[in-house]
Every structure is written in structure tokens, then in C-alpha cells.
6 protein chains.
Amino acid sequence: MYHHVKKLMYTVQVGTPDPRFGNMLLEQFGGANGELAAAMQYSIQGFNCEDPGCKDLLMDIGTEELSHLEVVGALIRMHLKPMKTDRVAAEADPLVAIAGGGGVSLVNSVGDAWTSDYLKITGDLAVDLRSNIAAEARAKIVYERLISFTDDKGSKQALQFLMTREITHMRAFTSALESMEKPPFSIGIIQPTPRLVDQYFNASTGKSDKNEKPGAEPWNHKSGLRLVNSETEGGEGLETTPYDPQPGTEVTSKMDSTPVGAFTGEQKHKPSTTKLKAG
Amino acid sequence: MYHHVKKLMYTVQVGTPDPRFGNMLLEQFGGANGELAAAMQYSIQGFNCEDPGCKDLLMDIGTEELSHLEVVGALIRMHLKPMKTDRVAAEADPLVAIAGGGGVSLVNSVGDAWTSDYLKITGDLAVDLRSNIAAEARAKIVYERLISFTDDKGSKQALQFLMTREITHMRAFTSALESMEKPPFSIGIIQPTPRLVDQYFNASTGKSDKNEKPGAEPWNHKSGLRLVNSETEGGEGLETTPYDPQPGTEVTSKMDSTPVGAFTGEQKHKPSTTKLKAG
Amino acid sequence: MYHHVKKLMYTVQVGTPDPRFGNMLLEQFGGANGELAAAMQYSIQGFNCEDPGCKDLLMDIGTEELSHLEVVGALIRMHLKPMKTDRVAAEADPLVAIAGGGGVSLVNSVGDAWTSDYLKITGDLAVDLRSNIAAEARAKIVYERLISFTDDKGSKQALQFLMTREITHMRAFTSALESMEKPPFSIGIIQPTPRLVDQYFNASTGKSDKNEKPGAEPWNHKSGLRLVNSETEGGEGLETTPYDPQPGTEVTSKMDSTPVGAFTGEQKHKPSTTKLKAG
Amino acid sequence: MYHHVKKLMYTVQVGTPDPRFGNMLLEQFGGANGELAAAMQYSIQGFNCEDPGCKDLLMDIGTEELSHLEVVGALIRMHLKPMKTDRVAAEADPLVAIAGGGGVSLVNSVGDAWTSDYLKITGDLAVDLRSNIAAEARAKIVYERLISFTDDKGSKQALQFLMTREITHMRAFTSALESMEKPPFSIGIIQPTPRLVDQYFNASTGKSDKNEKPGAEPWNHKSGLRLVNSETEGGEGLETTPYDPQPGTEVTSKMDSTPVGAFTGEQKHKPSTTKLKAG
Amino acid sequence: MYHHVKKLMYTVQVGTPDPRFGNMLLEQFGGANGELAAAMQYSIQGFNCEDPGCKDLLMDIGTEELSHLEVVGALIRMHLKPMKTDRVAAEADPLVAIAGGGGVSLVNSVGDAWTSDYLKITGDLAVDLRSNIAAEARAKIVYERLISFTDDKGSKQALQFLMTREITHMRAFTSALESMEKPPFSIGIIQPTPRLVDQYFNASTGKSDKNEKPGAEPWNHKSGLRLVNSETEGGEGLETTPYDPQPGTEVTSKMDSTPVGAFTGEQKHKPSTTKLKAG
Amino acid sequence: MYHHVKKLMYTVQVGTPDPRFGNMLLEQFGGANGELAAAMQYSIQGFNCEDPGCKDLLMDIGTEELSHLEVVGALIRMHLKPMKTDRVAAEADPLVAIAGGGGVSLVNSVGDAWTSDYLKITGDLAVDLRSNIAAEARAKIVYERLISFTDDKGSKQALQFLMTREITHMRAFTSALESMEKPPFSIGIIQPTPRLVDQYFNASTGKSDKNEKPGAEPWNHKSGLRLVNSETEGGEGLETTPYDPQPGTEVTSKMDSTPVGAFTGEQKHKPSTTKLKAG
């Protein structure tokens, strides 16, 4: 159950309204890496989560992002205000001015409607936490860029507050992932094919202007990966011997969700269309 | 420059075509975590990347994902084939059957058109690598689920091949991120606000059915975060003293892209609308 | 600021899970007339609202709809559960099963991503309240249809709870609209053109199979409208004498938002492109 | 069957073309509240309507909106014309200039493609008429804002013509809704739960800056609603005793459409997946 | 100006309603190649067309497609009817059943909202006519497939009527294109680069399973194109000597629209941002 | 299988970066008629194509378009560069500047995400080739317009290179279509209804300002079409006598794909829902 308190989590102050900056700020209101995207990604993951501790984490942060949505909305409204009466200001975002009456809407800086296509929700905790870490990193860098494009002191401070919280969340999600105590590249319940998993495929070849040396990058060594060239370039090519999946071979955590499809009995695999034809 | 070789990276074999499974497989062709999404995310990041080593990595893997798109497309086509002549099969995916003539299209398992809204591209290398690690984790789990929903040996093996490669890529991106030699939560050039960054906000409260203990989760301790309750619940609330952003305080890497907006001179901050009014 | 309490607003109970019904229920989770759409429409309107009483109303109901999102999400999850392990169940919604791991996502019953294009937010209170009344009516009828398509007692009762709340909200929005004390068709600050506003245009003509009598419907009389036929059919056609808009002629309310563009001084109307050419 | 007559419903005249204003006008051509949205919403509702009188109404107004689409398109084209040859003008809308050749397209003022997600069509007459009343109110306010952002006399007059018609339509839809002779909040065939339907839930609490008094607003009294506080705030909370839906209890009209699902026999409720498992 | 006549262009008759076929038919109502797409593509092109003869052609066919939309809508409604009361039928299209009340909506067979992204409108007559020819060919093949997936005599006949009209339109558009009397590959006002335009680039190489001979296809000879291999494969590569565009060199027609940007004076090319910086 | 070579197909050079022109150029990167759209349309058609010669053609051109995507991306990046540090430049495309860090993304000039709704893929070769011819014509005219809106010599030359290739591809697709040796309007396997197919319907009537003579256009004669007026205007109306489809009557080519649904046996036409009810 949700409650709303009539108080912003952070009080925003704006000197001179800057409609074009207000338009830019919409990225963090209704944009791909904005506050609604964060709130929804974590909250819906939380609705689906079966581990009580992680569910709490997801709901804590998902709810805080809703409060951020309200804060950044208040900041944007102050910057958009001149659009109500000033034709030049209105040109900064005609959708906001004409259709939205100069208020905030769930769109980004170029007026694209917010879409849940922005969200990454798989229902696998170890995967979702990685998506959340990446999401927080993206939100951080976007806030930083917005800070760089304004001189308004109050706006900068509000953005600094919001930016900081993304780092806090990134740390919390990272710590939760570590608490699962899984090996670094263990996802799901089926191990990757041996040998093939160690082959780094050199699909982009030739010398570029910058003269980089393919294969010489540190990750090709430290990561245990081995460079393999394409057969069309005289290399050995990737290992393509068929290999049967071995469910249950990957290391799991007690915090994992029920693996999808994994315990399905043989008879349930039959496609319904086959039955329909027989019917 | 791209070249195509008339040979699949992995030869696919299918026993009995299963149109509803073919429909499910479209998730990895034109879906949010599918091969086109991977190919485009890494390749466009590669186009934008200024570090030669990482550009090579991004182009290598982006190009390999294009080859995967072709492989999974070939697998799907075999499963969809009955849709050309069988009404019941056609019902499994009317869009594919009626509009697409029973062939593959850039849609997911429920016929949603592929959209670049699926992609996460910020132009900041340390951020983009995190997005790529998460993307590979998602692709892995989706392949694993598909494996679980079919009994066809050849399909399982093809999916195992593709699934394995995602783990390889996840390792390569992780290694590249490590090679940047940045502290774990260092993003961009502005440090988060001290103290505030350590406060974990307890936004979801009360006892749930499962009796979890908020604040007792390991990440609240190991991560250096400290639990803070809301003022409305008698807590101290988050630190909201205004704090000015300090550009240049965050640890950077020589592999970082040019920070956006960071070196902007004062006069360039002025919004154009102000000038327009004055003009 | 938002808070989450670890307790559903209504405890849901499900007898036998019915995955295809779970799929249908997604209409009210991530669909056009569903709970997120309601929550966002009212909350964003609330963020923008300048009348304190109406702002409170919008935030009250917007927040309650978030709690409904959580309730309907819990109900759906119970029905979707078999998708995790049963291939036939998974066919009911492959997107949910394969990409979403059998959990809820912000999509509708056919897997379309939720989009803010569903929302109606104009920033004009008298208009937004009408959009909300219509939105509640739509949500009510959709819940009713869902009730009709299941026999599960617990599901029916949960839907009855949610359905009832829509009528409550519809009453509250209607009462708020009435409290503005504006004439029935008064929108904004410019009156419509006299005479023309009373002409009902008969654009669809001829006798249909059902033999209806155009022009004889009650609304053409009670409403003060007068039937006008097209000139191409020998009628007088609509009044097209040019008429200048008269701002300030429409009846307003003290609860109205600042009219957009209305107090704009002459010089601000000049398009910026003209200035650019001169510059 | 449709016919087109080579004559605009209203002759548009433009003094000086203003490309940025032409761009703004696209809101009413291919925008969410624009003429195509209106034409399609009413016409498709008309296709589905079983009451002959209301079908005629919906087709009359739906067809008139198509004629408006043509009028507003002609107006926009005059304003966009400089985009064909002037780089600065082209910057006002690069999509229109580069991809569209300076002509009108079905996009809004920020270039979003028109989508039927804008439409509200439920197939329930009493609901659809409410959606139409709200749609007309939105279109009216958008036209009014456009009038405010131009000084061109001919453009203002054309917009006044179109704006007026929205009020006419709003009156016609309202009159049709009244002619159904249903009680004010009667939707569908199932009554809401007694008592619960009268409870107004106070989900947004605390004192805001503007010092509003929650619960004191007129609608909480006139509407017969009673304020209920959350249990987490010491209130009684909403009534959550399970209540079985009672189909056939709501007041209906002879103009209503066939209720969806309402007369479904018991055996048809069985989900097909159950049968499939048994098959 | 548009008029609607209360009579279908073709009277549809259906034997036994087939909800899953009704669902398939939605492809031609709200799908990518359906009747609304055709109606809008031609009508909007017509709004923009400056040649009176072609404008008439575009309005004739655009309007006829609106009448087709009505016919195919009537056909679909008959097939969808069981969705109102039958749970199994409703499963064929839950969006239509639950949200749409069993009526038609502007969606395709998998429930995707209609979008103007389907349309191809460039404002260049010779280009638009080619897009229309292709659109008619697509609509024809989709109707043919629908005919193949039903046994209902009346449905087949209605689809045959609609399918036939697409061929008629294809002929009309082709004839209009020929009447422009332009050379076969003359588009716009700038000729392609000599020599380079004759080089066919062999970007897909190697032997495929089917043993095709690259370069041996008839079009490489009859078309005047010459096969060029990539430099990376030892070929000469494409001609990349820089070549300046020569406006006015391509053969034009008196029916052509005003070329976009073509007569722009030098000073107008200056980007506005340059001016802004200087201002 | 795909390979990438670290060399652009055409080396791009830019004098002064022009961010607003960079923004316009995005039309050809992530726009509806841009290089990704072309690459994907032809490549996916190629994946589906059963004729080895045409498959090769589609893969050749699809792959070349990927190389173009890289070229135009490089050109755009040079023009966007000032967005990284200049606020005024950033206003030219806030999405690119703030969210994308000043790099290219798969969006068009107004920031719309690329969508596969742009693609036209039916799986019928004769249809798809027509769609490709039209697509190349569109891409040509868009490049030409971009050339007209810049004075930068290097940009013009790069665009001229890319523009030229579209004409080459248009010739190749046309030649492939001719090599199918089908009559001009032969699509699929079912002939249109005789007589009806020759009737040109005059749906747009009356005299327009430009005084065109309906029916007098050359295509109404040369094309073998005969003008028919509507019954509502005293004409004979279209031929609407029911006519049964005759599969196998249309002229086919040995290069045609398997006709969809065409050889379906009677029993397979039965809708699955009928079976479900009986089951």
C-alpha cells in the first residue's frame, strides 16, 4: 500500500526560469533513464521478488524513486513556467506548451512518450540486480550532464542531491548481488559449453587509423579468454560441436527465484498445436 | 565496413517444427533482449567509442551478435514453416503468418515491433560496459528459459551455443570494465555528496507476511550504508542540506570519453532563449 | 514524498490459477485503462495543479491507484504462476513466460508496452477532471468484463473491490468539477462563435438498414442544436463567416489554472525564426 | 461509404507563413487530441454502435472531424511552406522538412507518429460518450492555446471556427448521454459494493505549503462520500470485507450495447488451457 | 470535405462467426498494410500534392480506402461477435474482448496500436507513387492469404472484392507514374555520381549450400550494373573519389513538386546556431 | 556470418561542425528511410528468401547498407561534437546531448526511436522487391534534401556517395523484379475479379479551385481503367456481384516463394476454437 506525504523529499529552488533547460530536465522525469523508469523497474521487480530481504530492498528504492519523480517534476515546472505566456519559450517544447499547458508530462526532452520498453525486468534476481546497477550508473551520468548545462545554483544543488542517491542505490544493489554469494558469471541453472565459453571471437579485423592491436587488450588475458580468428580469415573459427544443455550444473543461491521451465516434466513440453491437430 | 559470408556461424537442425516454439524464439530475434538489440547496442556504442581497444571489443561483439541474429533467424524459420499452410499453426502467430508470410520479422513473441528504446547507449564507457554486462545476463537467462520449453534436441543445442556466447561476452565486458581501473562506484567526474551518499532510506515499512527484518540485510552493513528512517515515521530523514556539485572530484580513467558539458566555459551556459528575447 | 507499507490494500485469494485469465488481467495492470495509467494520470495532474483542494484530491486518488496496481499485480501473479513450469500455460503469454519469468510486467493482455500516450493531461483543471471521469468509467467497465470471464470466487471479489473504487473516484471527480461552478460547456477563456456553435452538421446521410431518422434524435432538440445539411446535399451548410476570437469572454472559475498564452503581450507573439532571419 | 468533395469545409487564409507556428499546429493534425484522433475515435465507435440513433451521431461527428483534418492540414501547409527552401525554417521541424518535404504528416508538434493508443473505444455507449465529451473539451483547450500563440488574423479565425465545433460536439455527446436516461454513476450491469463505494480514502496526508484542509473540500460532502483515513495513520481503513459481484443490479438503458461476458453460461468460463492439459 | 453515406460499399455476409479469423482480419483494419494505412497514406499525400490531376487521383483512392475500412470493419465485427459472451472466443484476442468489448479497434492481429510509422509520405510525387504501388502489392498479398485461411464463402467473396480493388489502384498509380514521363530511375534533381552508380558491390560472399553463382544473376547484366568485389577480398572496391553534387542535372517532370531546399540562396544555408553564438 | 573491417566504406570529412545539420542527418541513421531501415529490410527479406539468386542480391545490398550506416554515423558524429561542451549546440538535440553524450543513437531527427514498423517485409518476393524499389527512391530524395541544406563540401560529397548507391540498388531491385518474368500486375496466385478490376471509382468529386477535370487524366485511358461514378451521384457504382476467389489463376514465377495458405487442405481450415469448444 502506498501513502503520499505533502512534502517534497528535497526542497527545490530556482533563480531564473530557463525553459530550454526545463525541457532538457524532462529526460529525468519521463525519459529512458529517468525517475519513473527507475521507480517502475525496481517496484515491479519487487512485486515479483520472492526473497523477502531483496523484495524489501527493491520496494525501498522503488518508492524513493517515486519521491524523486516528484522532486524533479517540481524543479522542471519552475523552469517551464514561462511557456505559459511567452511564445519564444513555448518554442522550446511545443508539446509541453500547447498540449500540456506548460506543466510536466511523462515525456522525455524530445517529447517521446514514456514507455515500459525502457524497463529491464526478467524475474531472475541475479540478472535484475545487474540491470539495476547499470540503470543507476546511467541515471548518475545523465544527472551529471544536466548539472553541467546550467548555471542556476538551486538547480545544480537539487540535481546533486538526486545524483548522489543514484550512487547510494548502486552500492545497495551491488551489495545485494554480492550477498547472493554466486560465482561472478553464474546466471541461471545451466552452465555454458566448456571450451567455447573461453573463445573470444575476432569479428572486427584490419588496421584502423588509430592503429590498435586487436587481441592485445588486457581483458583478453586477465579474463581467461582466448582470441579465435574466423575461418574465412584462416583462423580456427569458433567451436561448433553440438553440446547438450545440462540443467542443474550452474551454481545457484538460496535467494534465487524459481527457475523458469527448469523442473518441467517431459509431457508438458509438448506443444499445444500438436494436440490440436490430433483433436 | 561489413561483409557477409554465406555460411551460418552455427548450423541449426530441427526435428519436428513447433510453430508455437518458433513464436517464443522470436524473443531472441526481435525482442528486447534479443540478438538485434545486442548487435545494435554494442555496435552503436562502438561507433561512438574513442578508446581504440574498447572500440575494437564493441565492434567484435556487436558483429558476432549480427551473426547470431542470422543463426536464431534460421532456427525460427524452421519452426514457423507450418504456418504457411496450416490454419492452426497460423493461429500461433497471425502477424507472422498473414503479414509476414511465415518468415521471421523484427518482432518479439507477441508481435511488438523492435524498437531502439530497448537499447542503453550513453556514450560514457564505464556506464555502457555496465549496461552491456546486464544485457548479456538477460540474454543468457532468456536462452535458458527457451531451452527449458522445448524437447527438440537440435534446437536445444543451437540455443546452448548461443547461450554460451553470452557468458563469454559478459566476461569480456567485465574484464574491459576492470581494465579501466576506476574505483567500484566511480561514474563521471562529479563526486556524490558526502554523508548523504551513505544513507540508505527505509521507504517501505511495516511487517510483511514473510516477517523480514528491514535493515538487517547484509548489504546494509557490508556496503557501508546506514539505515535512515523517514521523518514522518520519527526518523531523522535524509540529509538535505544543499551541496554544490564539485566537477573534477571523481576518479577518472584514461579510457574515459570526453565528459559531456564538463569543460564548458561560463558564457556558453547562457540559454539561447534569453538571447532571442534580447535580439 | 511517497511511502510504501508492506501490506496490500486488499488481500487477494485465488483458487485454481488460470494463466489465460492472468493474461487478461494484465489489461488492468499495464493496459490503457489500467491502474498505472490511472495512478500516473491523476498524480501528474496533481503535480501540475495550482488549486490546493484539487491538488489534494488528485494526489489522494493517484496514490490510491498505486495501491491498486499492487493489488491487481498480486492477483495476476497468482494466476500466472503455472507459466514458470508448464509449456501450455506459457503459450498463454510467451512474453511473460520467456522474457518476464512468469511475473507481472507493465504490458497489457497482448504484450504491448505501457505508454504515457494513454494519459490525458492538459493542465486545465476543468478539462482534466472530465478526462478523469471518463477514465474511471472505462476502468469500471473493464473490471466488470473481467469479473464476467472468471468463475474464481476470490478473483471475482478482488475485482469487485477494485471496480467499486472506480465508481467512488468517478463521484469525487464529478463533485470537484461541479464545485468549480462553471456553466456546463464552459472551457477556457474564449467563447465559441455564436450561431455556428448551435449548428449540428449532418455529415452522414442516406437511409441505413435500421431505418433511423437523422435529426429526430432527442439530443438535437433538448441540446439547443439545430440540424444543418451540407450544401452538396442542397442544405445551407455550416456558417463560415470569419469570426475573431474574443479572449476573456468565457466564464471562468477561481479554481482555474493560469490560462496558457492568454496574457501574452503583443511582442512576444513574434516567432523566433523571424528574428533569426533578421539577426 | 465515404465521399470527398473538392472544397474545404472552411476556407483558410494566412498572412505571413510562420513555420514554428505551423509546427505547433501539427498538434491538431497528428497529435493526441487532434482531428484524426477525434475522427477515428467517433467513427470506429460508430462502426461498433448498435443503437441506430447514436450510430448516426457518431458517424456525423466522426465524418465532420475528417473534414476538419483537411482544413487544419491546409492551414498548416501554408505555414510550413518556407521549410522547403529556408534552412532556418527547416530547423523548426527537421522531420517535416527533410523526410516530409515540407508537407503535413500524421505527427504531432514534436514529430511523434500518430498512434491509436490515443483513442478511447470500449464498445460501451455510456462510457464512450463520456470519453468523447472529455476528448472535445481537450480539443477545445488546445485550439484556444494555439489561438493565443499567433497574431495572424486568418489563422486565428480558422482556429476559432474549428474550436467552436468542438463545443457543438461536446453538447451533442452530452445530450446523447442524457437521452440514455441512466443514473449519474451507472456504468455496466454490476453495482459497486455498498458502503465501500461511499468511502473517500485519504491517501495523501500532511500539511502542504499552501495549507489546504484535507477533507474540507465541497465534493466530500455534496457527493455523499465520507473521508476515511488509513489504518497506518490510525484511521479505520477502507472496508475490505469480500463482496460477491451481483450482475444485473445496475440500472441499464435500452440504448446500451450487449453487456460483454454477462450472459456467459457456466461451462464457457472454463479456461481453454485446462482443456488443453486434459486433451 | 467528407461525407458519409449509410450504406456499405460492399455488403458483407458471414456464415459461422470465427473469432480467430476475425482476429486475423484485423491486419487489414488496423495493421501495417491495412485499409486505414492506405486511406491515410494516399489522402495525406493528396493534401500535399500540387499537381491537380494527381491530387484528384490520390483523393479518389484515399477516400475509397476509407470505404474499404468500413467494409472490412463490418466483416470483422461479425466474426468477433462470440467474444462478447464466450470465454474461449475471448482468448482469441483478449484486448478486443476485454478492453474493446468485442468490437473492432485500430489494432492489428496481435493487438499492436496502429501507428503512422506505417506510412510512407515524402511529398515527392514520383517517390510517393512508387511507395503506393508497393503498398497496393502488399495489401493484395495479405488479402490473398486471408482468403486462404477461411472456408466461409461470404468472407472469401468480400475479401476477393477488396483484394481486386488493390490491383485496380496499383494500375492507376502505375499509370500516373508513367504519365510523369521521367526516365526509369530519375528521382529528384541531382544525378547520381557517374561510374559509381553502375557498380554492383558484392558484399555477401562465399559459397552457400544452394550453390548459387554470385554475379551470374540476370540483373547484373540487363541492368547495366557491373560486379565489383571488396578490396578486402582482392577486388577493386567501390569508386570513392569525392564527387560534388550537381543540382539540376536530373530529368524532371512538370508534375514534380517544388524540390526541397533546391533553390535556397547561399545565405540561408547558414545554421542558426552559428548566428546564436555570434548574437 | 558477418565480419567487420576497421575501415569506412567512404572516408568522410567535415569542415565546420554544424550540430543542427548533424541532427537533420539522423534521419538517415535512425530514421524511417535511413540506413538501418534499409539494412534490416533487405537482410531480413534475405534470411527468408528461398530463391538463391535473389537471396544473394538481398544479402549483398543489406550488408552494404550496414556499411552505409557506419559511414553516415561517422559523418553525424563530427557534426554533433560541439554538443558535448556547448549549451547552445546541445539545444539542437537535447536527447543526443544529455542522454546520448553527444554521440549517434538509433533515433531520427526529432528523437523518435527507430522501430521495425518502418520495415516492409511480406515474404513474397515480387511484393518485397516493389517495397525495396520504393524504399530506395525515398532514401534517394532524403539524401538530396540533406545535400541542399548544407554548404559543407565534405558533407555534400559524402551524401552524394551514399545517394548514388541508392540509385544503384534501385536499378538492381528493378532488374531482379523483371527477371521474375511476371506480368506487370500479377501478385500472388489469385486473379482479381474481372470487370471490377477495370473500374476506377470517382470518390472525390466537385470542382476544386484548380479546375482539374476528373477522369481526363492520362492514366484513366492508358491503364485500361474506366471511370465509374458513385450511385449516390447518379452513377452506376462499382460492380458488387459476389465473385468466388480462384486460386491458381494468377501467373506465377519459378522464383516465387511458397504461396501462404494456398495448398492448405480442407480440414486444416477449421478454426481451433471450434475444436476447443468440442474438446
# chains A, B, ... in the order shown; residues from 1 in each chain; ligands from 1
$ interface_residues --of "chain C" --to "chain E" --cutoff "7 Å" --atoms "only C-alpha atoms" --output "list in words"
Met24, Ser109, Val110, Asp112, Val142, Arg145, Leu146, Phe149, Ala203, Ser204, Thr205, Gly206, Lys207 and Ser208 of chain C
$ select_by_dssp --residues "stretch 66-140 of chain F" --states "helix (DSSP H, G or I)" --output "PyMOL selection string"
chain F and resi 66-84+87-90+94-99+116-118+125-140
$ closest_residue --among "C:Asn108, C:Ser223, C:Thr115, C:Ser253" --to "D:Ile167" --atoms "only C-alpha atoms"
C:Ser223
$ calpha_fit_rmsd --fixed "chain D" --moving "chain F"
0.0 Å
$ select_by_dssp --residues "stretch 103-275 of chain D" --states "strand (DSSP E)" --output "list of chain:residue names"
D:Gln199, D:Tyr200, D:Phe201, D:Ser204, D:Thr205, D:Arg226, D:Leu227, D:Val228
$ residues_around --residues "stretch 70-81 of chain B" --least-positions-apart "5" --cutoff "7 Å" --atoms "only C-alpha atoms" --output "list in words"
Leu8, Met9, Tyr10, Val12, Val14, Pro17, Asp18, Pro19, Phe21, Gly22, Leu25, Phe29, Gly102, Gly103 and Val104 of chain B
$ write_last_selection --atoms "N, CA, C and O atoms" --output "tab-separated table (two decimals), in the first residue's frame"
chain	number	residue	atom	x	y	z
B	8	LEU	N	26.31	-20.01	-42.03
B	8	LEU	CA	25.89	-19.67	-40.68
B	8	LEU	C	27.03	-19.91	-39.71
B	8	LEU	O	27.82	-20.83	-39.88
B	9	MET	N	27.11	-19.12	-38.65
B	9	MET	CA	28.13	-19.32	-37.63
B	9	MET	C	27.93	-20.67	-36.91
B	9	MET	O	28.89	-21.27	-36.45
B	10	TYR	N	26.69	-21.11	-36.86
B	10	TYR	CA	26.37	-22.40	-36.25
B	10	TYR	C	25.26	-23.03	-37.07
B	10	TYR	O	24.25	-22.38	-37.35
B	12	VAL	N	22.10	-24.99	-37.76
B	12	VAL	CA	20.95	-25.38	-36.94
B	12	VAL	C	20.21	-26.55	-37.56
B	12	VAL	O	20.13	-26.69	-38.77
B	14	VAL	N	16.57	-28.95	-36.90
B	14	VAL	CA	15.31	-29.05	-36.18
B	14	VAL	C	14.64	-30.36	-36.53
B	14	VAL	O	14.60	-30.74	-37.70
B	17	PRO	N	9.03	-29.38	-36.62
B	17	PRO	CA	8.76	-27.95	-36.43
B	17	PRO	C	7.67	-27.74	-35.38
B	17	PRO	O	6.70	-28.50	-35.35
B	18	ASP	N	7.83	-26.75	-34.56
B	18	ASP	CA	6.91	-26.44	-33.46
B	18	ASP	C	6.61	-24.95	-33.54
B	18	ASP	O	7.33	-24.11	-32.99
B	19	PRO	N	5.53	-24.60	-34.27
B	19	PRO	CA	5.27	-23.18	-34.54
B	19	PRO	C	5.14	-22.32	-33.27
B	19	PRO	O	5.60	-21.18	-33.27
B	21	PHE	N	6.67	-22.79	-30.53
B	21	PHE	CA	8.02	-22.57	-30.01
B	21	PHE	C	8.76	-21.57	-30.91
B	21	PHE	O	9.51	-20.71	-30.44
B	22	GLY	N	8.51	-21.66	-32.20
B	22	GLY	CA	9.08	-20.66	-33.12
B	22	GLY	C	8.66	-19.26	-32.72
B	22	GLY	O	9.47	-18.32	-32.71
B	25	LEU	N	10.61	-18.18	-29.74
B	25	LEU	CA	12.00	-17.88	-30.10
B	25	LEU	C	12.16	-16.46	-30.63
B	25	LEU	O	13.27	-15.90	-30.61
B	29	PHE	N	15.07	-12.85	-31.44
B	29	PHE	CA	15.33	-12.28	-32.76
B	29	PHE	C	15.00	-10.78	-32.73
B	29	PHE	O	15.87	-9.94	-32.90
B	102	GLY	N	4.89	-16.20	-42.98
B	102	GLY	CA	5.51	-17.33	-42.29
B	102	GLY	C	7.02	-17.21	-42.12
B	102	GLY	O	7.67	-18.16	-41.70
B	103	GLY	N	7.57	-16.06	-42.41
B	103	GLY	CA	9.01	-15.87	-42.23
B	103	GLY	C	9.30	-15.08	-40.96
B	103	GLY	O	8.39	-14.68	-40.24
B	104	VAL	N	10.58	-14.88	-40.68
B	104	VAL	CA	10.92	-14.10	-39.49
B	104	VAL	C	10.75	-12.61	-39.76
B	104	VAL	O	10.88	-12.15	-40.88
